[in-house]
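Notes follow the structure.
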Amino acid sequence: MGRKNQFGESADLGQSGIEERDMKKMGLLSILILGFGFVSYALVQGGRVDGAEVRRLIEVLRIDPGDVVADVGAGDGRFAVALSPSVGESGQIYATEVDTNDLKKIRSRVEREGVTNVTVVQGDQNDTGLPDACCDAILLRRVYHHFQNPQLMQDELRAALRADGRLLVIDFGTHRRWSRPSGIPESREGHGISKEMLVSEMKLSGFELVDDAKWTNGDYALVFRVTVH
Ligand SMILES: C[S@@+](CC[C@H](N)C(=O)[O-])C[C@H]1O[C@@H](n2cnc3c(N)ncnc32)[C@H](O)[C@@H]1O
């Protein structure tokens with residue numbers, strides 16, 4: 001028989017009570033540590049790009065050292081910065097955005113990662129902000145369906161491309177349950193744009209489809225070149 005404490009509980013029961021409380025605390029602590037680890041991982045991973053996708057971008061856009069490449073609608077700049085080694089110091093990457101918060105994110109990423117060949121450009125819905133005939137290649141990743149004036153942007157993109165320049169449009173088909181991004185043409189029936197509609201709009205604006213590349217995450221990836229300068 002174990003000793004009883006002042007509350008009539010045996011010392012053994014008291015001991016196991018303490019152990020139980022300790023176990024609960026330990027469990028809670030482990031959950032907190034795991035949760036913290038998961039959130040930190042998600043935050044770091046959220047700022048990263050998939051290396052395989054970057055290699056595919058370089059391959060499909062045929063990027064060489066010395067090239068000038070624009071990432072139009074660069075978001076937080078993760079792809080623009082990831083592409084910077086592929087053009088080297090003799091080349092240049094333009095990272096354009098219309099959103100002031102994203103522009104800040106791109107600038108701090110460029111500074112944080114110490115890249116010297118990325119130029120941040122503020123554009124708007126009618127103007128990419130890119131110089132005429134500046135680019136060997138232009139990337140639009142999940143941006144085209146956000147254009148409020150697609151035809152004006154196509155004119156701008158055509159002007160920014162050099163004679164043999166490549167334009168890669170990565171996008172996804174329409175999600176009818178997701179709301180249409182504000183300001184975009186009503187002909188779009190949700191969030192995204194079908195491949196067929198995109199190709200027909202691009203053709204009308206003097207672009208020719210030269211490649212329909214396989215892509216990841218359910219996106220399509222179409223390469224265009226300019227037919228009418
Ligand atoms: C879904 S995000 C994609 C960001 C980035 N390209 C990526 O793949 O991570 C779409 C971006 O396009 C930008 N955007 C919308 N209209 C634009 C325009 N006319 N010119 C440049 N960027 C635009 C938005 O501000 C937004 O950051």
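Chain identifiers are assigned as A, B, and so on, following the order in which chains appear in the structure tokens; residues are numbered from 1 within each chain, and ligands are numbered from 1 in order of appearance.
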
Can you list every residue of chain A that has an atom at most 10 Å from ligand 1, with its nearest atom pair and the distance in Å to one decimal, using only C-alpha atoms and all ligand atoms, ordered by chain then number, as CSV?
```
residue,atom,partner,partner_atom_place_in_ligand_line,distance
A:Gly47,CA,ligand 1,9 (O),9.5
A:Arg48,CA,ligand 1,9 (O),10.0
A:Val49,CA,ligand 1,9 (O),8.7
A:Asp71,CA,ligand 1,6 (N),7.1
A:Val72,CA,ligand 1,21 (C),5.2
A:Gly73,CA,ligand 1,22 (N),3.2
A:Ala74,CA,ligand 1,6 (N),4.3
A:Gly75,CA,ligand 1,4 (C),3.7
A:Asp76,CA,ligand 1,9 (O),6.7
A:Gly77,CA,ligand 1,5 (C),7.1
A:Arg78,CA,ligand 1,9 (O),6.9
A:Phe79,CA,ligand 1,9 (O),6.9
A:Ala80,CA,ligand 1,6 (N),8.8
A:Ala95,CA,ligand 1,21 (C),9.2
A:Thr96,CA,ligand 1,21 (C),5.9
A:Glu97,CA,ligand 1,22 (N),4.4
A:Val98,CA,ligand 1,22 (N),4.9
A:Asp99,CA,ligand 1,25 (O),4.6
A:Thr100,CA,ligand 1,25 (O),8.3
A:Asn101,CA,ligand 1,25 (O),8.7
A:Asp102,CA,ligand 1,27 (O),6.3
A:Leu103,CA,ligand 1,27 (O),8.8
A:Val121,CA,ligand 1,21 (C),9.5
A:Gln122,CA,ligand 1,21 (C),8.2
A:Gly123,CA,ligand 1,20 (N),5.9
A:Asp124,CA,ligand 1,19 (N),5.6
A:Gln125,CA,ligand 1,19 (N),3.9
A:Asn126,CA,ligand 1,19 (N),6.6
A:Asp127,CA,ligand 1,19 (N),7.2
A:Thr128,CA,ligand 1,20 (N),5.8
A:Gly129,CA,ligand 1,20 (N),8.9
A:Leu139,CA,ligand 1,6 (N),8.1
A:Leu140,CA,ligand 1,6 (N),6.2
A:Arg141,CA,ligand 1,6 (N),4.3
A:Arg142,CA,ligand 1,3 (C),5.0
A:Val143,CA,ligand 1,12 (O),4.4
A:Tyr144,CA,ligand 1,16 (N),7.3
A:His145,CA,ligand 1,16 (N),8.1
A:His146,CA,ligand 1,15 (C),4.7
A:Phe147,CA,ligand 1,16 (N),4.7
A:Gln148,CA,ligand 1,19 (N),6.6
A:Asn149,CA,ligand 1,19 (N),7.4
A:Pro150,CA,ligand 1,19 (N),7.9
A:Leu152,CA,ligand 1,19 (N),9.1
A:Met153,CA,ligand 1,19 (N),6.6
A:Gln154,CA,ligand 1,19 (N),9.9
A:Ile170,CA,ligand 1,8 (O),8.4
A:Asp171,CA,ligand 1,8 (O),9.1
A:Pro181,CA,ligand 1,15 (C),9.4
A:Gly183,CA,ligand 1,16 (N),9.8
A:Ile184,CA,ligand 1,16 (N),9.3
A:Gly192,CA,ligand 1,1 (C),9.8
```

Take the residues from that selection and put them in a file with C-alpha atoms, as a compact mmCIF listing (two decimals), in the first residue's frame.
```
# COMPACT_ATOMS: atom_id res chain seq x y z
CA GLY A 47 9.50 32.05 -51.67
CA ARG A 48 11.25 29.34 -53.67
CA VAL A 49 10.81 28.10 -57.19
CA ASP A 71 9.34 38.52 -66.69
CA VAL A 72 6.15 40.55 -67.16
CA GLY A 73 3.89 40.42 -64.08
CA ALA A 74 6.75 39.00 -62.02
CA GLY A 75 4.74 38.76 -58.76
CA ASP A 76 7.24 38.61 -55.90
CA GLY A 77 10.12 38.21 -58.37
CA ARG A 78 11.03 34.62 -57.57
CA PHE A 79 11.25 33.54 -61.24
CA ALA A 80 13.02 36.72 -62.37
CA ALA A 95 11.01 42.16 -63.74
CA THR A 96 7.82 44.14 -64.35
CA GLU A 97 4.79 44.57 -62.10
CA VAL A 98 1.69 46.75 -61.80
CA ASP A 99 1.16 46.04 -58.11
CA THR A 100 3.08 48.34 -55.75
CA ASN A 101 3.28 45.73 -53.02
CA ASP A 102 4.78 43.20 -55.42
CA LEU A 103 7.22 45.82 -56.69
CA VAL A 121 10.13 48.03 -63.85
CA GLN A 122 6.79 49.53 -62.88
CA GLY A 123 4.16 49.01 -65.56
CA ASP A 124 0.42 49.57 -65.75
CA GLN A 125 -2.52 47.95 -67.54
CA ASN A 126 -1.69 49.83 -70.77
CA ASP A 127 2.09 49.86 -70.67
CA THR A 128 4.65 47.17 -69.85
CA GLY A 129 7.24 49.88 -69.09
CA LEU A 139 7.79 35.31 -69.93
CA LEU A 140 4.17 35.74 -68.87
CA ARG A 141 3.52 33.21 -66.11
CA ARG A 142 -0.14 33.12 -65.01
CA VAL A 143 -0.45 36.81 -65.96
CA TYR A 144 -2.21 36.98 -69.32
CA HIS A 145 -5.65 36.24 -67.84
CA HIS A 146 -5.16 39.27 -65.54
CA PHE A 147 -4.68 41.70 -68.44
CA GLN A 148 -7.43 44.31 -68.39
CA ASN A 149 -6.60 45.51 -71.92
CA PRO A 150 -5.16 42.43 -73.62
CA LEU A 152 -2.90 47.04 -75.70
CA MET A 153 -0.61 44.69 -73.79
CA GLN A 154 -0.09 42.57 -76.90
CA ILE A 170 2.01 30.01 -69.21
CA ASP A 171 -1.59 30.01 -68.09
CA PRO A 181 -10.37 39.03 -61.75
CA GLY A 183 -11.43 44.70 -64.76
CA ILE A 184 -10.78 41.88 -67.23
CA GLY A 192 -8.15 31.84 -66.28
```

Exercise for the section: From a DSSP calculation on the backbone, collect every residue of stretch 47-192 of chain A in alpha helix (DSSP H) and output the set as a ChimeraX atom specification. Expected result: /A:51-60,78-87,100-113,150-160

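Take the candidates A:Phe172, A:Gly206, A:Leu130, A:Ser179 and check each one against A:Ile193 using only C-alpha atoms; the shortest distance goes to A:Phe172.
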
Handout entry: Within 10 Å of A:Met202 using only C-alpha atoms, minus same-chain residues under 2 positions, as a list in words
Key = Pro150, Gln151, Gln154, Glu196, Met197, Leu198, Val199, Ser200, Leu204, Ser205, Gly206, Phe207, Glu208, Leu209, Phe224, Arg225 and Val226 of chain A

Practice task
Pick out the residues sitting within 10 Å of A:Arg177, and hand them over as a VMD selection string; count only C-alpha atoms, and ignore anything fewer than 5 positions along from it in its own chain.
Solution key: chain A and resid 189 to 191
